[in-house]
file upload32.tsv (TSV, C-alpha atoms)
chain	number	residue	atom	x	y	z
A	536	MET	CA	-32.73	-20.12	-60.91
A	537	GLN	CA	-30.15	-20.90	-58.20
A	538	PRO	CA	-27.60	-18.15	-57.41
A	539	VAL	CA	-24.10	-18.86	-58.54
A	540	VAL	CA	-21.53	-18.96	-55.71
A	541	ASP	CA	-17.99	-18.13	-56.71
A	542	PHE	CA	-15.83	-20.12	-54.26
A	543	ALA	CA	-12.70	-18.48	-55.62
A	544	THR	CA	-13.77	-15.10	-54.24
A	545	PRO	CA	-12.91	-14.61	-50.55
A	546	ILE	CA	-15.77	-13.84	-48.19
A	547	ARG	CA	-14.71	-10.54	-46.70
A	548	ASN	CA	-16.86	-10.45	-43.55
A	549	ALA	CA	-16.52	-14.07	-42.46
A	550	ALA	CA	-14.98	-14.60	-39.01
A	551	LEU	CA	-12.25	-17.12	-39.57
A	552	PRO	CA	-10.77	-19.02	-36.62
A	553	PRO	CA	-7.26	-17.98	-35.61
A	554	PRO	CA	-4.35	-20.16	-36.71
A	555	SER	CA	-3.72	-23.18	-34.51
A	556	HIS	CA	-0.45	-21.74	-33.17
A	557	ARG	CA	-2.49	-18.84	-31.77
A	558	ARG	CA	-5.50	-20.83	-30.63
A	559	PHE	CA	-3.44	-23.11	-28.42
A	560	ALA	CA	-0.76	-20.68	-27.32
A	561	ARG	CA	-0.53	-19.70	-23.67
A	562	GLU	CA	-1.89	-16.28	-22.83
A	563	GLU	CA	0.82	-13.74	-22.24
A	564	ALA	CA	1.17	-12.85	-18.59
A	565	VAL	CA	-0.15	-9.40	-17.75
A	566	PRO	CA	2.55	-7.48	-15.90
A	567	PRO	CA	1.48	-6.66	-12.33
A	568	ALA	CA	0.44	-3.11	-11.66
A	569	GLY	CA	2.64	-0.88	-9.57
A	570	GLU	CA	6.14	0.50	-9.39
A	571	PRO	CA	9.11	-1.83	-8.85
A	572	VAL	CA	11.11	-0.91	-5.75
A	573	THR	CA	14.55	-2.23	-4.87
A	574	THR	CA	15.61	-2.09	-1.23
A	575	ARG	CA	19.08	-1.12	-0.07
A	576	ASP	CA	19.91	-4.80	0.43
A	577	GLY	CA	18.83	-5.75	-3.11
A	578	ARG	CA	15.35	-7.19	-2.56
A	579	THR	CA	12.47	-6.22	-4.86
A	580	LEU	CA	8.90	-5.23	-4.00
A	581	ARG	CA	6.05	-3.53	-5.81
A	582	LEU	CA	4.63	-0.21	-4.62
A	583	ARG	CA	1.00	0.43	-5.54
A	584	PRO	CA	-2.25	1.83	-4.12
A	585	ILE	CA	-4.04	-0.51	-1.74
A	586	GLU	CA	-6.91	-2.57	-3.22
A	587	PRO	CA	-9.97	-4.34	-1.74
A	588	GLY	CA	-8.38	-7.69	-2.59
A	589	ASP	CA	-5.48	-6.97	-0.21
A	590	ALA	CA	-7.52	-7.66	2.93
A	591	GLU	CA	-6.32	-11.23	3.52
A	592	ALA	CA	-2.69	-10.35	2.79
A	593	LEU	CA	-3.04	-7.46	5.24
A	594	ARG	CA	-4.32	-9.85	7.93
A	595	ARG	CA	-1.41	-12.23	7.29
A	596	CYS	CA	1.02	-9.32	7.53
A	597	PHE	CA	-0.50	-8.39	10.89
A	598	LYS	CA	0.01	-11.93	12.22
A	599	ARG	CA	3.72	-11.70	11.43
A	600	LEU	CA	4.19	-8.50	13.43
A	601	PRO	CA	5.83	-8.70	16.85
A	602	ALA	CA	3.65	-7.51	19.73
A	603	GLN	CA	5.92	-4.50	20.22
A	604	ASP	CA	5.44	-3.37	16.61
A	605	ILE	CA	1.66	-3.69	16.94
A	606	ARG	CA	1.67	-1.50	20.03
A	607	ARG	CA	3.86	1.07	18.31
A	608	ARG	CA	1.51	1.27	15.34
A	609	PHE	CA	-1.92	0.98	16.98
A	610	MET	CA	-0.94	2.51	20.36
A	611	HIS	CA	-2.44	-0.53	22.13
A	612	MET	CA	-2.30	-4.30	21.87
A	613	LEU	CA	-4.25	-6.34	19.33
A	614	THR	CA	-3.91	-10.09	18.90
A	615	GLU	CA	-5.23	-10.12	15.34
A	616	LEU	CA	-6.62	-7.81	12.68
A	617	PRO	CA	-10.36	-8.60	12.48
A	618	GLU	CA	-11.65	-9.28	8.98
A	619	PRO	CA	-14.16	-6.36	9.01
A	620	MET	CA	-11.35	-4.01	10.02
A	621	ALA	CA	-9.06	-5.36	7.29
A	622	GLN	CA	-11.83	-4.96	4.71
A	623	ARG	CA	-12.42	-1.39	5.87
A	624	LEU	CA	-8.70	-0.54	5.66
A	625	CYS	CA	-8.59	-1.81	2.07
A	626	ARG	CA	-11.73	-0.03	0.85
A	627	LEU	CA	-10.86	3.63	0.78
A	628	ASP	CA	-12.96	6.74	0.54
A	629	PRO	CA	-10.96	8.53	-2.19
A	630	ALA	CA	-12.08	11.91	-0.91
A	631	THR	CA	-10.44	11.44	2.49
A	632	GLU	CA	-7.98	8.52	2.28
A	633	VAL	CA	-4.82	7.50	0.44
A	634	ALA	CA	-2.97	4.25	1.09
A	635	TYR	CA	-0.04	2.44	-0.49
A	636	VAL	CA	1.16	-1.12	-0.03
A	637	LEU	CA	4.52	-2.73	-0.69
A	638	VAL	CA	3.83	-6.14	-2.23
A	639	ASP	CA	6.22	-9.10	-2.29
A	640	ASP	CA	5.62	-11.13	-5.47
A	641	THR	CA	8.47	-13.56	-4.81
A	642	VAL	CA	6.17	-15.72	-2.66
A	643	THR	CA	2.80	-17.36	-3.29
A	644	PRO	CA	0.40	-15.94	-2.38
A	645	ALA	CA	1.90	-12.47	-2.69
A	646	GLU	CA	2.42	-10.80	0.67
A	647	VAL	CA	2.11	-7.23	1.92
A	648	ARG	CA	5.38	-6.13	3.55
A	649	GLY	CA	4.52	-2.52	4.31
A	650	VAL	CA	1.62	-0.06	4.37
A	651	GLY	CA	1.45	3.73	4.42
A	652	ARG	CA	-1.76	5.73	4.62
A	653	ILE	CA	-3.22	9.15	5.31
A	654	PHE	CA	-6.63	10.13	6.67
A	655	ILE	CA	-7.60	13.61	5.49
A	656	ASP	CA	-9.54	16.05	7.66
A	657	GLU	CA	-11.03	18.37	5.06
A	658	SER	CA	-12.35	20.79	7.67
A	659	SER	CA	-8.88	21.55	9.05
A	660	ASP	CA	-6.92	21.07	5.81
A	661	ASN	CA	-4.56	18.45	7.26
A	662	ALA	CA	-3.98	14.70	7.27
A	663	GLU	CA	-2.96	12.10	9.83
A	664	PHE	CA	-0.46	9.49	8.65
A	665	SER	CA	0.44	5.94	9.62
A	666	VAL	CA	3.30	3.80	8.33
A	667	LEU	CA	4.01	0.14	9.03
A	668	VAL	CA	6.85	-2.03	7.68
A	669	GLU	CA	7.48	-5.65	8.62
A	670	ARG	CA	10.51	-6.06	10.87
A	671	ASP	CA	12.35	-8.31	8.39
A	672	TRP	CA	11.99	-5.50	5.82
A	673	ALA	CA	12.83	-2.62	8.14
A	674	ARG	CA	15.86	-0.32	7.87
A	675	VAL	CA	16.25	-0.82	4.10
A	676	GLY	CA	14.60	2.45	3.03
A	677	LEU	CA	10.96	1.36	2.82
A	678	GLY	CA	9.64	3.54	5.66
A	679	ALA	CA	11.26	6.59	4.06
A	680	LEU	CA	9.81	5.66	0.67
A	681	LEU	CA	6.28	5.39	2.08
A	682	MET	CA	6.63	8.66	4.00
A	683	HIS	CA	7.84	10.48	0.86
A	684	ARG	CA	4.83	9.18	-1.08
A	685	LEU	CA	2.42	10.27	1.65
A	686	VAL	CA	3.96	13.73	1.80
A	687	GLU	CA	3.70	13.96	-1.99
A	688	ALA	CA	0.03	12.89	-1.89
A	689	CYS	CA	-0.70	15.61	0.68
A	690	ARG	CA	1.01	18.27	-1.39
A	691	GLN	CA	-0.83	17.19	-4.53
A	692	ARG	CA	-4.09	17.75	-2.65
A	693	GLY	CA	-2.95	21.15	-1.42
A	694	LEU	CA	-3.07	20.22	2.28
A	695	ALA	CA	-1.37	22.44	4.82
A	696	GLU	CA	-0.13	19.89	7.33
A	697	LEU	CA	0.69	16.21	7.86
A	698	TRP	CA	0.85	14.79	11.37
A	699	GLY	CA	0.83	11.61	13.38
A	700	TYR	CA	1.26	10.09	16.84
A	701	VAL	CA	4.43	8.13	17.55
A	702	LEU	CA	5.49	6.40	20.75
A	703	VAL	CA	8.75	7.91	22.01
A	704	GLU	CA	10.22	4.40	22.18
A	705	ASN	CA	9.80	4.16	18.39
A	706	ARG	CA	13.12	5.87	17.80
A	707	PRO	CA	13.57	4.76	14.16
A	708	MET	CA	10.30	6.45	13.14
A	709	LEU	CA	11.09	9.60	15.12
A	710	ARG	CA	14.55	9.78	13.56
A	711	LEU	CA	13.15	9.28	10.05
A	712	CYS	CA	10.52	11.98	10.51
A	713	SER	CA	13.08	14.38	11.94
A	714	GLU	CA	15.19	13.86	8.80
A	715	LEU	CA	12.13	14.67	6.69
A	716	GLY	CA	11.57	17.96	8.51
A	717	PHE	CA	8.86	17.02	11.02
A	718	THR	CA	8.75	18.80	14.36
A	719	SER	CA	7.87	16.91	17.54
A	720	ARG	CA	6.08	17.71	20.79
A	721	MET	CA	4.94	15.53	23.66
A	722	VAL	CA	1.21	14.86	24.03
A	723	PRO	CA	0.20	16.07	27.52
A	724	ASP	CA	-2.55	13.50	28.11
A	725	GLU	CA	-0.65	10.55	26.60
A	726	PRO	CA	2.57	9.77	28.49
A	727	GLY	CA	5.28	8.41	26.22
A	728	THR	CA	3.58	9.68	23.06
A	729	ALA	CA	4.82	12.39	20.70
A	730	GLN	CA	2.84	14.23	18.04
A	731	ILE	CA	4.99	14.93	15.00
A	732	THR	CA	4.00	17.53	12.44
A	733	LEU	CA	5.15	18.63	9.02
A	734	ARG	CA	4.07	21.94	7.53
A	735	LEU	CA	3.58	21.42	3.77
call {"tool": "encode", "arguments": {"input": "upload32.tsv", "output": "structure tokens"}}
result
Amino acid sequence: MQPVVDFATPIRNAALPPPSHRRFAREEAVPPAGEPVTTRDGRTLRLRPIEPGDAEALRRCFKRLPAQDIRRRFMHMLTELPEPMAQRLCRLDPATEVAYVLVDDTVTPAEVRGVGRIFIDESSDNAEFSVLVERDWARVGLGALLMHRLVEACRQRGLAELWGYVLVENRPMLRLCSELGFTSRMVPDEPGTAQITLRL
């Protein structure tokens, strides 16, 4: 005897296809991760932790830097940021490194306009910092924003001190760090170089 199928009764566990208006609708855009930041002159960037996928944008950012800015940041001249170095800078050891990028989503592909990072020395309970902002995005509050975030990251980890080397010709950075409470002293073996330090 054949079983009787009641077609009027809905099949509860059947997987029905979604309505056509849902099947063919565009996927909603996922909002980009990070914190929106508005500069003093009204431009918008996104502040977020650095990611491995930022390596190429970091290399492009480096190519846009004037030679003077490269020397101020790296303390010597580089003509380009080698790919292995860029990859290394974007792949952090979370135990000893923190880095933030400022991302410009108004262009395609998105570009990195600034970077701030710390390297933590666990044995001495301190961290060395570095901050870099593209010249076209300088003096609009981004360097101060990155420095505040790095100081906050150090305090969250309970570190005792944050420090860095700055060329004495880099007066904007020295002025910013002085406003944040850093003290400065000349490095005896490095003419024209100051070590700035903040007790946390």
call {"tool": "closest_residue", "arguments": {"input": "upload32.tsv", "among": "A:Asp628, A:Asp724, A:Asp576, A:Asp656", "to": "Ala673 of chain A", "atoms": "all atoms listed in the file"}}
result
A:Asp576
call {"tool": "residues_near_point", "arguments": {"input": "upload32.tsv", "point": "(-1.9, 18.5, 11.2)", "cutoff": "12 Å", "atoms": "only C-alpha atoms", "output": "PDB file with C-alpha atoms, keeping the file's coordinate frame"}}
result
ATOM      1  CA  ILE A 653      -3.220   9.150   5.310  1.00  0.00           C
ATOM      2  CA  PHE A 654      -6.630  10.130   6.670  1.00  0.00           C
ATOM      3  CA  ILE A 655      -7.600  13.610   5.490  1.00  0.00           C
ATOM      4  CA  ASP A 656      -9.540  16.050   7.660  1.00  0.00           C
ATOM      5  CA  GLU A 657     -11.030  18.370   5.060  1.00  0.00           C
ATOM      6  CA  SER A 658     -12.350  20.790   7.670  1.00  0.00           C
ATOM      7  CA  SER A 659      -8.880  21.550   9.050  1.00  0.00           C
ATOM      8  CA  ASP A 660      -6.920  21.070   5.810  1.00  0.00           C
ATOM      9  CA  ASN A 661      -4.560  18.450   7.260  1.00  0.00           C
ATOM     10  CA  ALA A 662      -3.980  14.700   7.270  1.00  0.00           C
ATOM     11  CA  GLU A 663      -2.960  12.100   9.830  1.00  0.00           C
ATOM     12  CA  PHE A 664      -0.460   9.490   8.650  1.00  0.00           C
ATOM     13  CA  CYS A 689      -0.700  15.610   0.680  1.00  0.00           C
ATOM     14  CA  LEU A 694      -3.070  20.220   2.280  1.00  0.00           C
ATOM     15  CA  ALA A 695      -1.370  22.440   4.820  1.00  0.00           C
ATOM     16  CA  GLU A 696      -0.130  19.890   7.330  1.00  0.00           C
ATOM     17  CA  LEU A 697       0.690  16.210   7.860  1.00  0.00           C
ATOM     18  CA  TRP A 698       0.850  14.790  11.370  1.00  0.00           C
ATOM     19  CA  GLY A 699       0.830  11.610  13.380  1.00  0.00           C
ATOM     20  CA  TYR A 700       1.260  10.090  16.840  1.00  0.00           C
ATOM     21  CA  PHE A 717       8.860  17.020  11.020  1.00  0.00           C
ATOM     22  CA  THR A 718       8.750  18.800  14.360  1.00  0.00           C
ATOM     23  CA  SER A 719       7.870  16.910  17.540  1.00  0.00           C
ATOM     24  CA  GLN A 730       2.840  14.230  18.040  1.00  0.00           C
ATOM     25  CA  ILE A 731       4.990  14.930  15.000  1.00  0.00           C
ATOM     26  CA  THR A 732       4.000  17.530  12.440  1.00  0.00           C
ATOM     27  CA  LEU A 733       5.150  18.630   9.020  1.00  0.00           C
ATOM     28  CA  ARG A 734       4.070  21.940   7.530  1.00  0.00           C
ATOM     29  CA  LEU A 735       3.580  21.420   3.770  1.00  0.00           C
TER      30      LEU A 735
END
call {"tool": "atom_distance", "arguments": {"input": "upload32.tsv", "atom1": "atom CA of Arg626 of chain A", "atom2": "atom CA of Thr643 of chain A"}}
result
23.0 Å
call {"tool": "residues_around", "arguments": {"input": "upload32.tsv", "residues": "Leu627 of chain A", "least_positions_apart": "3", "cutoff": "10 Å", "atoms": "all atoms listed in the file", "output": "PyMOL selection string"}}
result
chain A and resi 585-587+622-624+630-634+654
